[in-house]
Amino acid sequence: MYPDRVVSGMRPTGALHLGHYHGALKNWVKMQSELPCLFFVADWHALTTHYDDPSVIEKSTWDMLIDWLASGVDPSQSTIFIQSKVPEHAELHLLLSMATPLGWLERVPTYKDQIEKLATKDLATYGFLGYPLLQAADVLIYRATQVPVGDDQVPHIEMMREIARRFNHLYGKEKGFEEKAQEAVKKLGSKRAKLYNELRTEFQQEGKDDALEQAKAMLDDAQNLSMIDRERLFGYLEGSRKLILVEPQVKLTTASRLPGLDGAKMSKSYGNAIALREDKESVTKKVRTMPTDPARVRRTDAGDPEKCPVWKFHQVYSDAATLEWVAKGCKSAGIGCLECKQPVIDAIILEQQPMHERAQQYLDDPTLVRAIVADGCDTARKLAQETMRDVREAMGLGYN
Ligand code: TRP
Ligand code: SF4
């Protein structure tokens with residue numbers, strides 16, 4: 001009933017690397033041409049773990065935004081904004097918190113994991129526990145239907161679906177819902193109203209799914225309905241509740257994963273990363289010094305690509321012919337490791353070329369980035385305010 005919409009966010013961790021590009025940004029760039037997308041810098045999320053040293057957040061935010069733009073996230077297609085500049089996220093977080101069982105937050109797998117992993121930090125805080133609920137607010141406030149994330153975030157999306165369902169259940173039962181829904185049916189005009197009632201009966205009494213689909217399609221076409229009446233009619237089709245918040249779907253990033261130079265997960269803190277906008281000389285040097293299959297001590301020793309991180313890079317960057325050339329050449333000692341690495345170096349440099357070009361204008365004139373974000377914040381805020389009006393009203397705060 002609500003239009004398709006994509007929302008995703010990223011914590012400002014500073015300049016991004018190619019792992020971020022292949023793991024997330026490439027997918028964002030693709031999605032923005034298919035559906036309306038909102039992408040935001042999750043600066044409040046950064047505070048949940050960096051509350052004791054927030055000084056890095058500001059610079060990281062702007063660096064990351066330039067990397068997004070450099071990757072091809074396009075402000076004329078996507079809405080790009082900063083979480084803390086849309087304070088409605090915080091209001092929804094607060095309101096959702098009223099009805100969120102503590103147990104739901106405590107059992108999110110990343111909660112205990114992160115506390116153990118980041119043992120040097122005191123994360124026994126209220127903000128850290130509430131993190132997934134803040135994330136739920138980030139998404140639900142835009143009534144997003146799809147959230148592109150990596151698999152580590154799937155439990156968070158599952159929890160937000162439960163939050164939305166619980167919210168609709170608790171607050172979607174309006175006083176006089178039945179009457180209001182019937183009023184709304186009349187507004188469809190007599191022909192459509194008749195069809196609506198028939199389809200609703202078919203669905204409710206005979207369980208015909210196609211009747212439900214047909215009715216939904218009809219409502220989608222009915223231009224003269226207000227948002228709130230439309231919601232009622234969608235809810236009335238299936239039962240007796242309004243649908244105020246939308247349950248989003250996970251859109252798993254299937255992109256091939258690019259590991260770090262040593263084959264482990266690429267991460268700036270492991271020192272195995274190639275920055276998104278790393279210069280050519282440095283890329284060349286980093287790839288040339290990458291470890292390879294330890295069995296290849298001498299040029300004449302045969303190797304096994306499966307034991308070599310360079311092979312994983314080839315799988316991301318090379319075509320079938322090159323892959324075959326590597327596999328054969330490695331196992332027969334027909335090629336040397338430096339020779340093998342060259343096509344990877346060339347491919348990375350080629351991939352980064354347009355990124356450097358796109359980034360340049362923003363480096364030359366940082367006010368461009370400020371303007372893009374200001375625009376994005378305006379757009380996001382309007383959407384967020386629409387949802388908040390309904391949420392406040394549903395929770396009994398619609399008075400003035
Ligand atoms: N939690 C996400 C991460 O650490 C970032 C994030 C915050 C996010 N809010 C979001 C992702 C909403 C998707 C949707 O990567
Ligand atoms: Fe790795 Fe290529 Fe050397 Fe084989 S030839 S060990 S795949 S770098």
# chains A, B, ... in the order shown; residues from 1 in each chain; ligands from 1
$ closest_atom_pairs --of "chain A" --to "ligand 1" --cutoff "7 Å" --atoms "only C-alpha atoms and all ligand atoms" --output "Markdown table"
| residue | atom | partner | partner_atom_place_in_ligand_line | distance |
| --- | --- | --- | --- | --- |
| A:Val7 | CA | ligand 1 | 14 (C) | 5.9 |
| A:Ser8 | CA | ligand 1 | 13 (C) | 3.9 |
| A:Gly9 | CA | ligand 1 | 8 (C) | 4.0 |
| A:Met10 | CA | ligand 1 | 5 (C) | 4.4 |
| A:Arg11 | CA | ligand 1 | 5 (C) | 5.4 |
| A:Ala42 | CA | ligand 1 | 7 (C) | 5.2 |
| A:His45 | CA | ligand 1 | 7 (C) | 6.2 |
| A:Gln135 | CA | ligand 1 | 9 (N) | 4.2 |
| A:Ala136 | CA | ligand 1 | 12 (C) | 6.8 |
| A:Asp138 | CA | ligand 1 | 12 (C) | 5.4 |
| A:Val139 | CA | ligand 1 | 12 (C) | 5.6 |
| A:Val147 | CA | ligand 1 | 14 (C) | 6.0 |
| A:Pro148 | CA | ligand 1 | 13 (C) | 6.7 |
| A:Val149 | CA | ligand 1 | 13 (C) | 6.0 |
| A:Gln153 | CA | ligand 1 | 1 (N) | 6.8 |
$ residues_around --residues "range 317-330 of chain A" --least-positions-apart "4" --cutoff "7 Å" --atoms "only C-alpha atoms" --output "PyMOL selection string"
chain A and resi 302-305+313+334-335+340+344+347
$ residues_around --residues "range 355-363 of chain A" --least-positions-apart "2" --cutoff "10 Å" --atoms "only C-alpha atoms" --output "list of chain:residue names"
A:Asp63, A:Leu65, A:Ile66, A:Asp67, A:Trp68, A:Leu69, A:Ala70, A:Ser71, A:Gly72, A:Leu276, A:Arg277, A:Glu278, A:Asp279, A:Ile349, A:Leu350, A:Glu351, A:Gln352, A:Gln353, A:Asp365, A:Pro366, A:Thr367, A:Leu368, A:Val369, A:Arg370
$ write_last_selection --atoms "C-alpha atoms" --output "short mmCIF file (atom, residue, chain, number, x, y, z; two decimals), in the first residue's frame"
data_model
loop_
_atom_site.label_atom_id
_atom_site.label_comp_id
_atom_site.auth_asym_id
_atom_site.auth_seq_id
_atom_site.Cartn_x
_atom_site.Cartn_y
_atom_site.Cartn_z
CA ASP A 63 34.90 11.97 4.34
CA LEU A 65 29.91 11.40 2.20
CA ILE A 66 32.58 12.20 -0.38
CA ASP A 67 33.24 8.49 -0.74
CA TRP A 68 29.57 7.83 -1.34
CA LEU A 69 29.44 10.49 -4.02
CA ALA A 70 32.70 9.23 -5.48
CA SER A 71 31.20 5.74 -5.69
CA GLY A 72 28.33 7.03 -7.77
CA LEU A 276 38.35 3.78 -1.94
CA ARG A 277 40.34 6.71 -3.23
CA GLU A 278 43.84 5.36 -2.66
CA ASP A 279 46.37 6.67 -5.16
CA ILE A 349 43.03 1.38 -10.83
CA LEU A 350 40.44 1.35 -13.60
CA GLU A 351 37.63 1.00 -11.08
CA GLN A 352 38.97 3.88 -8.99
CA GLN A 353 39.53 6.25 -11.89
CA ASP A 365 34.52 22.88 -3.13
CA PRO A 366 33.24 21.33 0.11
CA THR A 367 30.19 23.59 0.06
CA LEU A 368 28.81 21.33 -2.68
CA VAL A 369 28.60 18.44 -0.24
CA ARG A 370 27.01 20.69 2.39
#
$ select_by_dssp --residues "range 4-242 of chain A" --states "helix (DSSP H, G or I)" --output "number ranges by chain"
A: 18-32, 43-50, 55-71, 83-85, 88-97, 102-106, 109-117, 126-129, 131-140, 151-171, 177-186, 190-206, 209-221, 227-238
$ closest_residue --among "A:Val185, A:Leu140, A:Ala24, A:Leu47" --to "His93 in chain A" --atoms "only C-alpha atoms"
A:Leu140
$ closest_residue --among "A:Ile348, A:Asp74, A:Gln223, A:Lys112" --to "Ser282 in chain A" --atoms "only C-alpha atoms"
A:Ile348
$ atom_distance --atom1 "CA of Glu91 in chain A" --atom2 "CA of Lys175 in chain A"
24.4 Å
$ atom_distance --atom1 "CA of Asp378 in chain A" --atom2 "CA of Met31 in chain A"
21.5 Å
$ closest_residue --among "A:Glu281, A:Asp4, A:Asp293, A:Glu162" --to "ligand 2" --atoms "only C-alpha atoms and all ligand atoms"
A:Asp293
$ residues_around --residues "Pro75 in chain A" --least-positions-apart "4" --cutoff "8 Å" --atoms "only C-alpha atoms" --output "ChimeraX atom specification"
/A:69,79-80,372,376
$ write_last_selection --atoms "N, CA, C and O atoms" --output "short mmCIF file (atom, residue, chain, number, x, y, z; two decimals), in the first residue's frame"
data_model
loop_
_atom_site.label_atom_id
_atom_site.label_comp_id
_atom_site.auth_asym_id
_atom_site.auth_seq_id
_atom_site.Cartn_x
_atom_site.Cartn_y
_atom_site.Cartn_z
N LEU A 69 29.61 9.78 -2.75
CA LEU A 69 29.44 10.49 -4.02
C LEU A 69 30.45 9.99 -5.05
O LEU A 69 30.12 9.82 -6.22
N THR A 79 18.19 10.33 -1.96
CA THR A 79 18.19 11.33 -0.91
C THR A 79 19.33 11.01 0.05
O THR A 79 19.36 9.93 0.63
N ILE A 80 20.26 11.93 0.17
CA ILE A 80 21.45 11.71 1.00
C ILE A 80 21.38 12.67 2.19
O ILE A 80 21.25 13.88 2.00
N ILE A 372 24.28 19.44 -0.88
CA ILE A 372 23.60 18.17 -1.19
C ILE A 372 22.93 17.62 0.07
O ILE A 372 21.77 17.20 0.06
N GLY A 376 19.03 16.99 1.04
CA GLY A 376 18.60 15.65 1.43
C GLY A 376 17.90 15.67 2.78
O GLY A 376 16.89 14.99 2.97
#
$ atom_distance --atom1 "CA of Pro36 in chain A" --atom2 "CA of Ser78 in chain A"
6.6 Å
$ closest_residue --among "A:Val250, A:Met64, A:Ala215, A:Leu188" --to "His156 in chain A" --atoms "only C-alpha atoms"
A:Val250
$ residues_around --residues "Leu18 in chain A" --least-positions-apart "6" --cutoff "8 Å" --atoms "only C-alpha atoms" --output "count of residues only"
5
$ residues_around --residues "Ala222 in chain A" --least-positions-apart "2" --cutoff "12 Å" --atoms "only C-alpha atoms" --output "ChimeraX atom specification"
/A:1,184-185,187-189,191-193,196,215-220,224-227,229-230,233
$ residues_around --residues "Leu96 in chain A" --least-positions-apart "2" --cutoff "9 Å" --atoms "only C-alpha atoms" --output "ChimeraX atom specification"
/A:91-94,98-100,133-134,136-137,163,167
$ closest_residue --among "A:Arg389, A:Lys208, A:Arg288, A:Lys382" --to "ligand 2" --atoms "only C-alpha atoms and all ligand atoms"
A:Arg288
$ closest_residue --among "A:Leu129, A:Leu95, A:Met290, A:Leu25" --to "Thr253 in chain A" --atoms "only C-alpha atoms"
A:Leu25
$ select_by_dssp --residues "range 25-59 of chain A" --states "strand (DSSP E)" --output "PyMOL selection string"
chain A and resi 37-41
$ write_last_selection --atoms "N, CA and C atoms" --output "compact mmCIF listing (two decimals), in the first residue's frame"
# COMPACT_ATOMS: atom_id res chain seq x y z
N CYS A 37 15.40 5.91 -3.08
CA CYS A 37 16.33 5.50 -2.03
C CYS A 37 16.65 6.66 -1.11
N LEU A 38 16.80 6.34 0.18
CA LEU A 38 17.32 7.30 1.14
C LEU A 38 18.55 6.68 1.80
N PHE A 39 19.66 7.41 1.76
CA PHE A 39 20.89 6.92 2.38
C PHE A 39 21.38 7.95 3.39
N PHE A 40 21.68 7.48 4.60
CA PHE A 40 22.06 8.48 5.61
C PHE A 40 23.30 8.07 6.38
N VAL A 41 23.97 9.09 6.90
CA VAL A 41 25.11 8.89 7.78
C VAL A 41 24.57 8.68 9.20
